[in-house]
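> File run-v5.tsv follows (TSV, C-alpha atoms):
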```tsv
chain	number	residue	atom	x	y	z
C	10	MET	CA	-48.56	-8.38	-65.19
C	11	THR	CA	-48.59	-4.61	-65.19
C	12	ASP	CA	-51.10	-4.25	-67.97
C	13	GLY	CA	-53.56	-6.38	-66.05
C	14	ALA	CA	-53.88	-9.59	-68.04
C	15	ASN	CA	-57.09	-10.47	-66.21
C	16	ALA	CA	-58.81	-7.17	-66.98
C	17	ALA	CA	-57.63	-6.69	-70.56
C	18	PRO	CA	-58.94	-8.67	-73.53
C	19	PRO	CA	-56.77	-11.59	-74.68
C	20	ALA	CA	-55.14	-9.65	-77.49
C	21	ALA	CA	-53.71	-7.14	-74.98
C	22	SER	CA	-50.89	-9.51	-74.13
C	23	SER	CA	-49.18	-8.94	-77.45
C	24	ALA	CA	-50.37	-5.38	-78.02
C	25	PRO	CA	-48.07	-2.39	-77.43
C	26	PRO	CA	-48.26	-0.87	-73.91
C	27	ARG	CA	-51.18	1.39	-73.13
C	28	PRO	CA	-50.41	5.07	-73.64
C	29	GLY	CA	-51.12	5.98	-70.01
C	30	GLN	CA	-48.97	3.17	-68.64
C	31	LEU	CA	-45.78	5.16	-68.41
C	32	ARG	CA	-47.51	8.05	-66.68
C	33	GLU	CA	-49.21	5.72	-64.25
C	34	PHE	CA	-45.85	4.11	-63.50
C	35	TRP	CA	-44.25	7.49	-62.92
C	36	HIS	CA	-47.15	8.50	-60.66
C	37	TYR	CA	-46.56	5.56	-58.34
C	38	PHE	CA	-42.80	5.83	-58.63
C	39	SER	CA	-42.69	9.52	-57.71
C	40	GLU	CA	-44.84	8.94	-54.64
C	41	ASN	CA	-41.76	7.46	-53.00
C	42	PRO	CA	-39.22	10.22	-52.26
C	43	GLY	CA	-36.44	7.69	-51.55
C	44	ALA	CA	-36.88	6.15	-54.97
C	45	VAL	CA	-36.70	9.50	-56.73
C	46	ALA	CA	-33.58	10.43	-54.77
C	47	GLY	CA	-32.06	7.07	-55.70
C	48	LEU	CA	-32.90	7.63	-59.34
C	49	LEU	CA	-31.31	11.09	-59.27
C	50	VAL	CA	-28.10	9.83	-57.66
C	51	PHE	CA	-27.97	6.92	-60.08
C	52	ALA	CA	-28.49	9.19	-63.08
C	53	LEU	CA	-25.74	11.47	-61.80
C	54	LEU	CA	-23.40	8.47	-61.42
C	55	VAL	CA	-24.13	7.31	-64.96
C	56	ILE	CA	-23.43	10.76	-66.37
C	57	VAL	CA	-20.21	11.06	-64.39
C	58	ALA	CA	-19.13	7.59	-65.48
C	59	LEU	CA	-19.87	8.27	-69.15
C	60	ALA	CA	-18.03	11.59	-69.08
C	61	ALA	CA	-15.21	10.33	-66.85
C	62	PRO	CA	-12.25	11.57	-68.95
C	63	LEU	CA	-13.85	15.03	-69.20
C	64	VAL	CA	-14.92	15.34	-65.56
C	65	ALA	CA	-11.88	13.89	-63.82
C	66	PRO	CA	-9.20	16.49	-63.06
C	67	HIS	CA	-6.30	14.06	-63.65
C	68	ALA	CA	-5.63	10.72	-65.34
C	69	PRO	CA	-6.54	7.84	-62.97
C	70	ASP	CA	-3.01	6.42	-63.06
C	71	ALA	CA	-1.03	9.67	-63.12
C	72	GLN	CA	1.37	9.72	-60.17
C	73	PHE	CA	2.34	12.97	-58.46
C	74	ARG	CA	5.56	12.09	-56.67
C	75	ASP	CA	5.69	15.43	-54.84
C	76	ALA	CA	2.27	14.88	-53.23
C	77	LEU	CA	2.11	11.44	-51.61
C	78	LEU	CA	-0.84	10.90	-49.23
C	79	THR	CA	-2.04	14.50	-49.47
C	80	PRO	CA	-5.10	15.03	-47.25
C	81	PRO	CA	-8.38	16.29	-48.73
C	82	LEU	CA	-8.73	19.97	-49.55
C	83	TRP	CA	-10.56	21.01	-46.37
C	84	GLN	CA	-8.00	19.45	-44.06
C	85	GLU	CA	-4.74	21.02	-42.98
C	86	GLY	CA	-2.06	20.40	-45.60
C	87	GLY	CA	-4.59	19.91	-48.37
C	88	ASP	CA	-3.59	20.72	-51.92
C	89	PRO	CA	-6.07	22.59	-54.20
C	90	ARG	CA	-4.99	20.33	-57.07
C	91	PHE	CA	-6.36	17.26	-55.28
C	92	LEU	CA	-9.91	17.75	-54.01
C	93	LEU	CA	-10.13	14.46	-52.12
C	94	GLY	CA	-6.41	14.03	-51.51
C	95	THR	CA	-3.99	11.52	-53.02
C	96	ASP	CA	-3.14	7.90	-52.27
C	97	ALA	CA	0.14	6.30	-51.27
C	98	ILE	CA	1.82	6.74	-54.65
C	99	GLY	CA	0.38	10.18	-55.33
C	100	ARG	CA	-2.63	9.37	-57.53
C	101	ASP	CA	-5.59	11.73	-57.28
C	102	MET	CA	-8.42	10.08	-55.32
C	103	LEU	CA	-11.24	12.00	-57.04
C	104	SER	CA	-10.07	11.02	-60.53
C	105	ARG	CA	-9.71	7.40	-59.51
C	106	LEU	CA	-13.18	7.36	-57.95
C	107	ILE	CA	-14.71	8.89	-61.07
C	108	HIS	CA	-13.03	6.35	-63.31
C	109	GLY	CA	-13.97	3.62	-60.82
C	110	ALA	CA	-17.65	4.48	-61.32
C	111	ARG	CA	-17.15	3.40	-64.94
C	112	TYR	CA	-15.94	-0.03	-63.92
C	113	SER	CA	-18.61	-0.57	-61.29
C	114	LEU	CA	-21.52	0.46	-63.52
C	115	PHE	CA	-20.07	-1.52	-66.42
C	116	ILE	CA	-19.84	-4.62	-64.21
C	117	GLY	CA	-23.39	-4.17	-63.00
C	118	PHE	CA	-24.72	-3.62	-66.50
C	119	VAL	CA	-22.94	-6.58	-68.12
C	120	VAL	CA	-23.70	-8.96	-65.28
C	121	VAL	CA	-27.39	-8.08	-65.14
C	122	THR	CA	-27.79	-8.25	-68.92
C	123	ILE	CA	-26.21	-11.69	-69.28
C	124	ALA	CA	-27.94	-13.07	-66.19
C	125	LEU	CA	-31.30	-11.69	-67.33
C	126	VAL	CA	-31.09	-13.07	-70.88
C	127	VAL	CA	-29.84	-16.52	-69.91
C	128	GLY	CA	-32.04	-16.71	-66.82
C	129	VAL	CA	-35.20	-15.73	-68.69
C	130	ALA	CA	-34.47	-18.26	-71.44
C	131	LEU	CA	-33.84	-21.10	-68.97
C	132	GLY	CA	-36.81	-20.15	-66.80
C	133	LEU	CA	-39.14	-19.93	-69.81
C	134	VAL	CA	-38.07	-23.35	-71.03
C	135	ALA	CA	-38.36	-24.88	-67.56
C	136	GLY	CA	-41.73	-23.35	-66.80
C	137	PHE	CA	-43.24	-23.82	-70.25
C	138	PHE	CA	-42.27	-27.40	-71.01
C	139	GLY	CA	-42.16	-28.82	-67.48
C	140	GLY	CA	-41.35	-32.49	-67.09
C	141	TRP	CA	-37.78	-33.76	-66.90
C	142	LEU	CA	-36.35	-30.62	-68.54
C	143	ASP	CA	-37.85	-28.56	-65.71
C	144	THR	CA	-36.44	-30.96	-63.11
C	145	VAL	CA	-32.93	-30.90	-64.58
C	146	ILE	CA	-32.76	-27.10	-64.89
C	147	MET	CA	-34.21	-26.43	-61.46
C	148	ARG	CA	-31.97	-28.95	-59.69
C	149	VAL	CA	-28.87	-27.39	-61.26
C	150	MET	CA	-30.10	-23.98	-60.06
C	151	ASP	CA	-30.72	-25.41	-56.58
C	152	VAL	CA	-27.14	-26.65	-56.48
C	153	ILE	CA	-25.88	-23.15	-57.32
C	154	LEU	CA	-28.16	-21.66	-54.66
C	155	ALA	CA	-26.84	-24.04	-52.00
C	156	PHE	CA	-23.46	-22.30	-52.04
C	157	PRO	CA	-23.08	-18.92	-50.36
C	158	SER	CA	-22.89	-16.50	-53.27
C	159	LEU	CA	-19.59	-14.79	-52.54
C	160	LEU	CA	-17.93	-18.13	-51.79
C	161	LEU	CA	-18.99	-19.67	-55.09
C	162	ALA	CA	-17.93	-16.56	-57.01
C	163	LEU	CA	-14.58	-16.68	-55.22
C	164	VAL	CA	-13.97	-20.31	-56.11
C	165	LEU	CA	-15.05	-19.79	-59.72
C	166	VAL	CA	-12.61	-16.89	-60.04
C	167	ALA	CA	-9.91	-18.98	-58.39
C	168	ILE	CA	-10.41	-21.68	-61.02
C	169	LEU	CA	-10.73	-19.30	-63.99
C	170	GLY	CA	-7.92	-17.04	-62.81
C	171	PRO	CA	-8.25	-13.57	-61.27
C	172	GLY	CA	-9.34	-10.70	-63.49
C	173	LEU	CA	-12.21	-8.34	-64.10
C	174	PHE	CA	-13.79	-10.41	-66.88
C	175	ASN	CA	-13.66	-13.67	-64.95
C	176	ALA	CA	-15.07	-11.93	-61.89
C	177	MET	CA	-18.02	-10.70	-63.97
C	178	LEU	CA	-18.54	-14.20	-65.33
C	179	ALA	CA	-18.51	-15.71	-61.83
C	180	ILE	CA	-20.98	-13.13	-60.49
C	181	THR	CA	-23.26	-13.81	-63.45
C	182	VAL	CA	-23.32	-17.52	-62.65
C	183	VAL	CA	-24.02	-16.78	-58.99
C	184	LEU	CA	-26.92	-14.39	-59.73
C	185	GLN	CA	-28.41	-16.64	-62.39
C	186	PRO	CA	-30.70	-18.90	-60.30
C	187	HIS	CA	-32.81	-16.02	-59.00
C	188	TYR	CA	-33.86	-15.06	-62.53
C	189	VAL	CA	-34.55	-18.64	-63.51
C	190	ARG	CA	-36.75	-19.24	-60.48
C	191	LEU	CA	-38.63	-15.95	-60.86
C	192	THR	CA	-39.29	-16.53	-64.55
C	193	ARG	CA	-40.33	-20.13	-64.00
C	194	ALA	CA	-42.76	-19.22	-61.22
C	195	ALA	CA	-44.31	-16.43	-63.29
C	196	VAL	CA	-44.53	-18.59	-66.42
C	197	ILE	CA	-46.23	-21.43	-64.55
C	198	GLY	CA	-48.69	-18.91	-63.15
C	199	GLU	CA	-49.47	-17.44	-66.57
C	200	ARG	CA	-49.40	-20.69	-68.57
C	201	SER	CA	-52.83	-21.86	-67.45
C	202	ARG	CA	-54.54	-18.49	-67.95
C	203	ASP	CA	-57.35	-18.24	-70.47
C	204	TYR	CA	-55.57	-15.85	-72.82
C	205	VAL	CA	-52.72	-18.32	-73.28
C	206	THR	CA	-55.16	-21.13	-74.02
C	207	SER	CA	-56.99	-18.98	-76.54
C	208	ALA	CA	-53.72	-18.04	-78.24
C	209	ARG	CA	-52.82	-21.71	-78.40
C	210	VAL	CA	-56.21	-22.60	-79.86
C	211	ALA	CA	-55.81	-19.80	-82.37
C	212	GLY	CA	-52.76	-21.61	-83.63
C	213	ALA	CA	-49.80	-19.79	-82.04
C	214	GLY	CA	-46.58	-21.78	-82.19
C	215	ARG	CA	-44.54	-22.70	-79.13
C	216	LEU	CA	-41.98	-19.95	-79.60
C	217	ARG	CA	-44.67	-17.35	-80.16
C	218	LEU	CA	-46.56	-18.53	-77.08
C	219	MET	CA	-43.39	-18.40	-74.98
C	220	PHE	CA	-41.91	-15.09	-76.06
C	221	VAL	CA	-44.82	-13.03	-77.36
C	222	THR	CA	-47.79	-14.22	-75.32
C	223	ILE	CA	-46.41	-15.19	-71.92
C	224	LEU	CA	-43.12	-13.36	-71.46
C	225	PRO	CA	-44.37	-9.73	-71.52
C	226	ASN	CA	-46.73	-10.53	-68.66
C	227	CYS	CA	-43.90	-11.91	-66.54
C	228	MET	CA	-41.61	-8.89	-66.89
C	229	ALA	CA	-42.56	-6.87	-63.79
C	230	PRO	CA	-40.85	-9.03	-61.14
C	231	LEU	CA	-37.90	-9.51	-63.49
C	232	ILE	CA	-37.34	-5.78	-63.90
C	233	VAL	CA	-37.40	-5.35	-60.13
C	234	GLN	CA	-34.98	-8.22	-59.65
C	235	ALA	CA	-32.71	-6.76	-62.32
C	236	ALA	CA	-32.58	-3.41	-60.53
C	237	LEU	CA	-31.89	-4.99	-57.16
C	238	SER	CA	-29.25	-7.42	-58.42
C	239	PHE	CA	-27.50	-4.57	-60.21
C	240	SER	CA	-26.40	-3.32	-56.80
C	241	ASN	CA	-25.67	-6.87	-55.70
C	242	ALA	CA	-23.35	-7.33	-58.66
C	243	ILE	CA	-21.49	-4.12	-57.85
C	244	LEU	CA	-21.14	-5.18	-54.22
C	245	GLU	CA	-19.86	-8.64	-55.09
C	246	ALA	CA	-17.44	-7.28	-57.68
C	247	ALA	CA	-16.10	-4.90	-55.03
C	248	ALA	CA	-15.79	-7.79	-52.54
C	249	LEU	CA	-13.92	-9.89	-55.10
C	250	GLY	CA	-11.69	-6.96	-55.94
C	251	PHE	CA	-11.06	-6.45	-52.23
C	252	LEU	CA	-9.97	-10.07	-51.88
C	253	GLY	CA	-7.60	-9.61	-54.82
C	254	MET	CA	-9.64	-11.82	-57.14
C	255	GLY	CA	-11.38	-9.15	-59.21
C	256	ALA	CA	-9.82	-6.24	-61.05
C	257	GLN	CA	-6.07	-6.18	-60.62
C	258	PRO	CA	-4.31	-3.32	-58.79
C	259	PRO	CA	-3.58	-0.52	-61.23
C	260	THR	CA	-7.27	-0.59	-62.24
C	261	PRO	CA	-9.19	2.10	-60.33
C	262	GLU	CA	-11.96	-0.30	-59.27
C	263	TRP	CA	-13.47	0.63	-55.90
C	264	GLY	CA	-13.00	-2.74	-54.18
C	265	THR	CA	-9.43	-3.01	-55.43
C	266	MET	CA	-8.73	0.55	-54.23
C	267	LEU	CA	-10.01	-0.40	-50.78
C	268	ALA	CA	-7.76	-3.45	-50.63
C	269	GLU	CA	-4.56	-1.71	-51.70
C	270	SER	CA	-5.03	1.17	-49.26
C	271	ARG	CA	-6.20	-0.86	-46.25
C	272	GLU	CA	-2.92	-0.51	-44.42
C	273	PHE	CA	-3.20	3.31	-44.38
C	274	ILE	CA	-6.47	3.44	-42.47
C	275	LEU	CA	-4.88	4.93	-39.33
C	276	ARG	CA	-2.48	7.35	-41.04
C	277	ALA	CA	-4.61	8.50	-43.98
C	278	TRP	CA	-8.32	7.91	-43.53
C	279	TRP	CA	-9.31	9.44	-46.85
C	280	VAL	CA	-7.61	6.73	-48.91
C	281	VAL	CA	-9.89	4.07	-47.48
C	282	THR	CA	-13.02	6.03	-46.67
C	283	PHE	CA	-13.84	7.50	-50.08
C	284	PRO	CA	-13.91	4.25	-52.10
C	285	GLY	CA	-16.04	2.70	-49.35
C	286	LEU	CA	-18.39	5.68	-49.35
C	287	ALA	CA	-18.62	5.49	-53.14
C	288	ILE	CA	-19.70	1.85	-52.96
C	289	LEU	CA	-22.15	2.66	-50.18
C	290	VAL	CA	-23.80	5.56	-52.00
C	291	THR	CA	-24.07	3.69	-55.29
C	292	VAL	CA	-25.55	0.55	-53.78
C	293	LEU	CA	-27.92	2.53	-51.57
C	294	ALA	CA	-29.15	4.62	-54.49
C	295	ILE	CA	-29.78	1.57	-56.66
C	296	ASN	CA	-31.54	-0.29	-53.84
C	297	LEU	CA	-33.82	2.68	-53.13
C	298	MET	CA	-34.59	2.93	-56.82
C	299	GLY	CA	-35.32	-0.81	-56.96
C	300	ASP	CA	-37.70	-0.54	-54.01
C	301	GLY	CA	-39.54	2.25	-55.76
C	302	LEU	CA	-39.70	0.17	-58.94
C	303	ARG	CA	-41.16	-2.73	-56.99
C	304	ASP	CA	-43.81	-0.54	-55.40
C	305	ALA	CA	-44.71	0.91	-58.77
C	306	LEU	CA	-44.66	-2.29	-60.82
C	307	ASP	CA	-45.93	-4.96	-58.46
C	308	PRO	CA	-49.69	-4.61	-58.06
C	309	LYS	CA	-49.74	-6.83	-54.97
C	310	LEU	CA	-47.44	-4.58	-53.01
C	311	LYS	CA	-48.91	-1.31	-54.24
C	312	ARG	CA	-49.91	0.86	-51.30
C	313	SER	CA	-53.55	1.82	-51.84
L	21	MET	CA	-47.09	-17.72	-26.46
L	22	HIS	CA	-49.65	-18.25	-29.18
L	23	ALA	CA	-48.58	-15.14	-31.03
L	24	LEU	CA	-44.89	-15.90	-30.66
L	25	ARG	CA	-45.20	-19.37	-32.18
L	26	ASN	CA	-46.84	-18.07	-35.29
L	27	ALA	CA	-44.54	-15.08	-35.52
L	28	LEU	CA	-41.49	-17.34	-35.27
L	29	ILE	CA	-41.99	-18.98	-38.67
L	30	PRO	CA	-40.68	-16.15	-40.86
L	31	VAL	CA	-37.94	-15.47	-38.32
L	32	ILE	CA	-36.68	-19.03	-38.60
L	33	THR	CA	-36.81	-18.87	-42.38
L	34	THR	CA	-34.72	-15.73	-42.33
L	35	ILE	CA	-32.17	-17.34	-40.00
L	36	GLY	CA	-31.72	-20.14	-42.50
L	37	LEU	CA	-31.28	-17.73	-45.39
L	38	GLN	CA	-28.92	-15.49	-43.45
L	39	MET	CA	-26.58	-18.40	-42.75
L	40	GLY	CA	-25.22	-18.35	-46.29
L	41	LEU	CA	-24.66	-14.60	-46.15
L	42	LEU	CA	-22.89	-14.97	-42.81
L	43	MET	CA	-20.52	-17.60	-44.16
L	44	ALA	CA	-19.69	-15.34	-47.11
L	45	GLY	CA	-19.27	-12.33	-44.84
L	46	ALA	CA	-16.93	-14.34	-42.64
L	47	ILE	CA	-14.46	-14.55	-45.55
L	48	LEU	CA	-14.17	-10.77	-45.71
L	49	THR	CA	-14.02	-10.32	-41.95
L	50	GLU	CA	-11.37	-13.00	-41.53
L	51	THR	CA	-9.26	-11.53	-44.31
L	52	ILE	CA	-9.41	-8.02	-42.88
L	53	PHE	CA	-8.57	-8.98	-39.30
L	54	SER	CA	-6.34	-12.00	-40.12
L	55	TRP	CA	-8.45	-14.43	-38.15
L	56	PRO	CA	-7.47	-18.03	-38.80
L	57	GLY	CA	-10.89	-19.31	-39.94
L	58	VAL	CA	-12.21	-21.24	-42.92
L	59	GLY	CA	-12.51	-18.07	-44.99
L	60	LYS	CA	-8.90	-17.00	-44.47
L	61	TRP	CA	-7.82	-20.57	-45.05
L	62	MET	CA	-9.61	-20.66	-48.39
L	63	ILE	CA	-8.19	-17.32	-49.52
L	64	ASP	CA	-4.69	-18.46	-48.62
L	65	SER	CA	-5.24	-21.75	-50.41
L	66	ILE	CA	-6.39	-19.95	-53.53
L	67	SER	CA	-3.23	-17.87	-53.60
L	68	ARG	CA	-1.18	-21.06	-53.07
L	69	ARG	CA	-3.09	-22.81	-55.90
L	70	ASP	CA	-4.01	-25.51	-53.37
L	71	TYR	CA	-7.26	-26.53	-55.04
L	72	GLN	CA	-7.99	-29.52	-52.79
L	73	ALA	CA	-8.16	-27.21	-49.79
L	74	VAL	CA	-10.40	-24.76	-51.67
L	75	GLN	CA	-12.69	-27.59	-52.69
L	76	GLY	CA	-12.81	-28.87	-49.13
L	77	GLY	CA	-13.63	-25.45	-47.74
L	78	LEU	CA	-16.35	-24.92	-50.32
L	79	VAL	CA	-17.98	-28.29	-49.68
L	80	LEU	CA	-17.73	-27.76	-45.91
L	81	THR	CA	-19.46	-24.38	-46.14
L	82	ALA	CA	-22.15	-25.73	-48.46
L	83	LEU	CA	-22.73	-28.63	-46.06
L	84	ILE	CA	-23.11	-26.25	-43.12
L	85	VAL	CA	-25.60	-24.13	-45.06
L	86	MET	CA	-27.58	-27.20	-46.08
L	87	LEU	CA	-27.57	-28.59	-42.53
L	88	VAL	CA	-28.81	-25.30	-41.11
L	89	ASN	CA	-31.60	-25.26	-43.67
L	90	LEU	CA	-32.50	-28.84	-42.78
L	91	VAL	CA	-32.69	-27.85	-39.12
L	92	VAL	CA	-34.87	-24.91	-40.14
L	93	ASP	CA	-37.24	-27.24	-41.95
L	94	ILE	CA	-37.43	-29.54	-38.94
L	95	ALA	CA	-37.91	-26.59	-36.60
L	96	TYR	CA	-41.04	-25.60	-38.52
L	97	GLY	CA	-42.68	-28.77	-37.24
L	98	PHE	CA	-41.80	-27.99	-33.63
L	99	VAL	CA	-42.94	-24.39	-33.85
L	100	ASN	CA	-46.18	-25.10	-35.62
L	101	PRO	CA	-47.55	-28.66	-35.37
L	102	LYS	CA	-50.00	-27.87	-38.15
L	103	ILE	CA	-47.33	-28.02	-40.83
L	104	ARG	CA	-45.83	-31.35	-39.77
L	105	HIS	CA	-45.72	-33.82	-42.60
L	106	VAL	CA	-48.28	-36.50	-41.89
L	107	ARG	CA	-47.88	-39.92	-43.40
```
Transcribe the structure of this file into C-alpha cells.

Amino acid sequence: MTDGANAAPPAASSAPPRPGQLREFWHYFSENPGAVAGLLVFALLVIVALAAPLVAPHAPDAQFRDALLTPPLWQEGGDPRFLLGTDAIGRDMLSRLIHGARYSLFIGFVVVTIALVVGVALGLVAGFFGGWLDTVIMRVMDVILAFPSLLLALVLVAILGPGLFNAMLAITVVLQPHYVRLTRAAVIGERSRDYVTSARVAGAGRLRLMFVTILPNCMAPLIVQAALSFSNAILEAAALGFLGMGAQPPTPEWGTMLAESREFILRAWWVVTFPGLAILVTVLAINLMGDGLRDALDPKLKRS
Amino acid sequence: MHALRNALIPVITTIGLQMGLLMAGAILTETIFSWPGVGKWMIDSISRRDYQAVQGGLVLTALIVMLVNLVVDIAYGFVNPKIRHVR
C-alpha cells in the first residue's frame, strides 16, 4: 500500500520500489524522535548480541566462588572485575545480560519469521479463495484468539515439555492469528481492485496473482505488526522463562535469570533489577521503533 | 450524557480485550506472591503433570474471556440503541 496502488499504473504493483521510496520512508521515520531513539537502542542491542563473546568480560557461566553476590561497582563493596555485580553463585551479571540479549533477540527473530511466513501464507489463501477454506482457517484462528496468549503458550509448553525451542514454538502459535487476520483483511481489500482484475484478464495465474500482484501491496501493516510482535515475543519468552517453562536455568535468558534470583530481591537488588531493566529497555525500544514504522508506512495514520 | 454514551463504545471494547491480558497477568502475579488462584493452581498442576487440572483451568479461563466478550457485545446495544440487531 505504500507505493500507492490507486495512484500508480497497474504495472507498478509488480515493479521494483520507486527510487525515492526509501528516502521518503526515512523522512517520515526520522520525524519521530522516539522512533529514532528506539532504532538506535535496538541497533546497539543487536551489535552487542552479535559480538557477545568479544564484549562480555567473562563467560556467562563462569563462577567466581570468592565473589558471591558482589554489589555493582558504584556501591560500597563493589569489585572492579564485576561492573554490575555478581549473582548468588558468583556469575558476572553484565556478561550474563550480554549473552542473554542473544537469546532474547534470537527468540524474537525466529518467532516473528515463522509466524510471518505461515501467517501470510494462510491469510493469503483464506482471503484469496474465500468460501469454506476461508471459514475453516478463520475459525481455527478465532479459537486460538479466544485463549489468553500467555495461558495458551503456557499450556502448549506444558504439553510439549519445557525448553527454549518449545517455548518459541508455543509463542509462534499464539502470535499466528494476528498475521493471518491482517493478511486476510488486506488481501480482501486489494482483491477487488482494478489492477488485480487487469492482471487476471492479462492471464496471470493464481500463484502469480497471490504472491506477485497482491502481496506486495499488503506488506505495510504486516511489517508494522512484525516489529510490534517482536517485542511481544521477547516479553512472552521472558514470562515463560520466569515461570520455569522457557529456557532452563543455566541458560542466561533474562526471564529465567529473574526467576532464579527472585528470592534475593531484598538482600541484593541488582540480581533482580538488571534483567528486568534489560527486558524493559529492549521492549520499549522495539515498541517505539514499531510506532515510528507505523507512522511512516501507514498512509492513513500519517500526520500531515 | 450524549457524549458519554458515544465515547463509551471504544472503552467497552477495550475492557473486553483487556480481560484476556488480565487473566494472563494473573498467572504471573499469583506465582510471584503465592496467591492461591487459578493461575497458581495451573502452574502447580503443570509441574505435577496433572493435565486434567491444566485443561480445566484453560477451559475455565477461555470461558470467562468469551463470556466477558459476550457481555461486551450485549452492552453495545444498551449503550447505543442504534447498533442493536433488528430482526
> Only residues of chain C matter here; which ones have an atom within 9 Å of chain L, counting only C-alpha atoms? Give them as an MDAnalysis selection string.
chainID C and resid 155:161 163:164 167:168 248 251:252 271
> Can you tell me which residues surround region 137-153 of chain C at a distance of at most 7 Å, considering all atoms listed in the file, apart from same-chain residues fewer than 6 positions away, and format the answer as an NGL selection string?
:C and (183 or 186 or 196-197)
> Between L:Glu50, L:Val31, L:Asp64, L:Phe98, which has the minimum distance to Gly253 (chain C) (counting all atoms listed in the file)?
L:Asp64
> Could you pull the residues within 10 Å of Asn26 (chain L), counting only C-alpha atoms, minus those fewer than 4 positions along the same chain, as number ranges by chain?
L: 21-22, 30-31, 99-100
> May I ask for the distance between CA of Phe38 (chain C) and CA of Arg303 (chain C), given in Å to one decimal place?
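The value is 8.9 Å.
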> Between CA of Ile180 (chain C) and CA of Ala162 (chain C), what is the distance, to one decimal in Å?
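Between CA of Ile180 (chain C) and CA of Ala162 (chain C) the gap is 5.8 Å.
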> Grab the CA of Leu275 (chain C) to CA of Trp55 (chain L) distance for me, in Å with one decimal place.
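Here the two named atoms are 19.7 Å from each other.
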> Point out the residue among C:Leu289, C:Ile107, C:Leu49, C:Ala44 with the least atom-to-atom distance to Pro66 (chain C), counting all atoms listed in the file.
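The shortest atom-to-atom distance to Pro66 (chain C) comes from C:Ile107.
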> Put a box with edges along x, y and z around all the listed atoms of region 271-288 of chain C, pad it by 8 Å on each side, then give me its centre and sizes in Å, one decimal, as AutoDock Vina command-line options.

```
--center_x -11.1 --center_y 4.3 --center_z -46.2 --size_x 33.2 --size_y 26.3 --size_z 29.8
```
> Can you pull out every residue within 12 Å of Pro42 (chain C), counting all atoms listed in the file, but drop anything in the same chain fewer than 4 positions away, and send it as a VMD selection string?
chain C and resid 36 to 38 46 to 49 294 297 to 298 300 to 301
> If you keep C-alpha atoms, can you produce a file of those selected residues as an mmCIF file, in the frame of the given file?

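In the end it all went to selection39.cif:
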```
data_model
loop_
_atom_site.group_PDB
_atom_site.id
_atom_site.type_symbol
_atom_site.label_atom_id
_atom_site.label_comp_id
_atom_site.auth_asym_id
_atom_site.auth_seq_id
_atom_site.Cartn_x
_atom_site.Cartn_y
_atom_site.Cartn_z
ATOM 1 C CA HIS C 36 -47.150 8.500 -60.660
ATOM 2 C CA TYR C 37 -46.560 5.560 -58.340
ATOM 3 C CA PHE C 38 -42.800 5.830 -58.630
ATOM 4 C CA ALA C 46 -33.580 10.430 -54.770
ATOM 5 C CA GLY C 47 -32.060 7.070 -55.700
ATOM 6 C CA LEU C 48 -32.900 7.630 -59.340
ATOM 7 C CA LEU C 49 -31.310 11.090 -59.270
ATOM 8 C CA ALA C 294 -29.150 4.620 -54.490
ATOM 9 C CA LEU C 297 -33.820 2.680 -53.130
ATOM 10 C CA MET C 298 -34.590 2.930 -56.820
ATOM 11 C CA ASP C 300 -37.700 -0.540 -54.010
ATOM 12 C CA GLY C 301 -39.540 2.250 -55.760
#
```
> Residues within 12 Å of Leu106 (chain C), please, as a ChimeraX atom specification. Count all atoms listed in the file; anything in the same chain fewer than 3 positions from it doesn't count.
/C:54,57-58,61-62,64-70,92-96,100-103,109-113,260-267,279-288,291
> In terms of the shortest atom-to-atom distance over all atoms listed in the file, which of L:Ala73, L:Leu90, L:Leu80, L:Ala23 is closest to Trp61 (chain L)?
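Ranking L:Ala73, L:Leu90, L:Leu80, L:Ala23 by distance to Trp61 (chain L), first place goes to L:Ala73.
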> I'd like to know which of L:Lys60, L:Asp93, L:Lys102, L:Phe53 is closest to Arg25 (chain L), using all atoms listed in the file.
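Ranked by minimum distance to Arg25 (chain L), first place goes to L:Lys102.
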> Would you mind listing what lies within 9 Å of region 217-222 of chain C as an mmCIF file with C-alpha atoms, keeping the file's coordinate frame, with only C-alpha atoms counted and same-chain residues fewer than 3 positions away left out?

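Produced file out.cif, reproduced below:
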```cif
data_model
loop_
_atom_site.group_PDB
_atom_site.id
_atom_site.type_symbol
_atom_site.label_atom_id
_atom_site.label_comp_id
_atom_site.auth_asym_id
_atom_site.auth_seq_id
_atom_site.Cartn_x
_atom_site.Cartn_y
_atom_site.Cartn_z
ATOM 1 C CA ALA C 20 -55.140 -9.650 -77.490
ATOM 2 C CA SER C 22 -50.890 -9.510 -74.130
ATOM 3 C CA SER C 23 -49.180 -8.940 -77.450
ATOM 4 C CA LEU C 133 -39.140 -19.930 -69.810
ATOM 5 C CA VAL C 134 -38.070 -23.350 -71.030
ATOM 6 C CA PHE C 137 -43.240 -23.820 -70.250
ATOM 7 C CA VAL C 196 -44.530 -18.590 -66.420
ATOM 8 C CA TYR C 204 -55.570 -15.850 -72.820
ATOM 9 C CA VAL C 205 -52.720 -18.320 -73.280
ATOM 10 C CA ALA C 208 -53.720 -18.040 -78.240
ATOM 11 C CA ARG C 209 -52.820 -21.710 -78.400
ATOM 12 C CA ALA C 213 -49.800 -19.790 -82.040
ATOM 13 C CA GLY C 214 -46.580 -21.780 -82.190
ATOM 14 C CA PRO C 225 -44.370 -9.730 -71.520
ATOM 15 C CA ASN C 226 -46.730 -10.530 -68.660
#
```
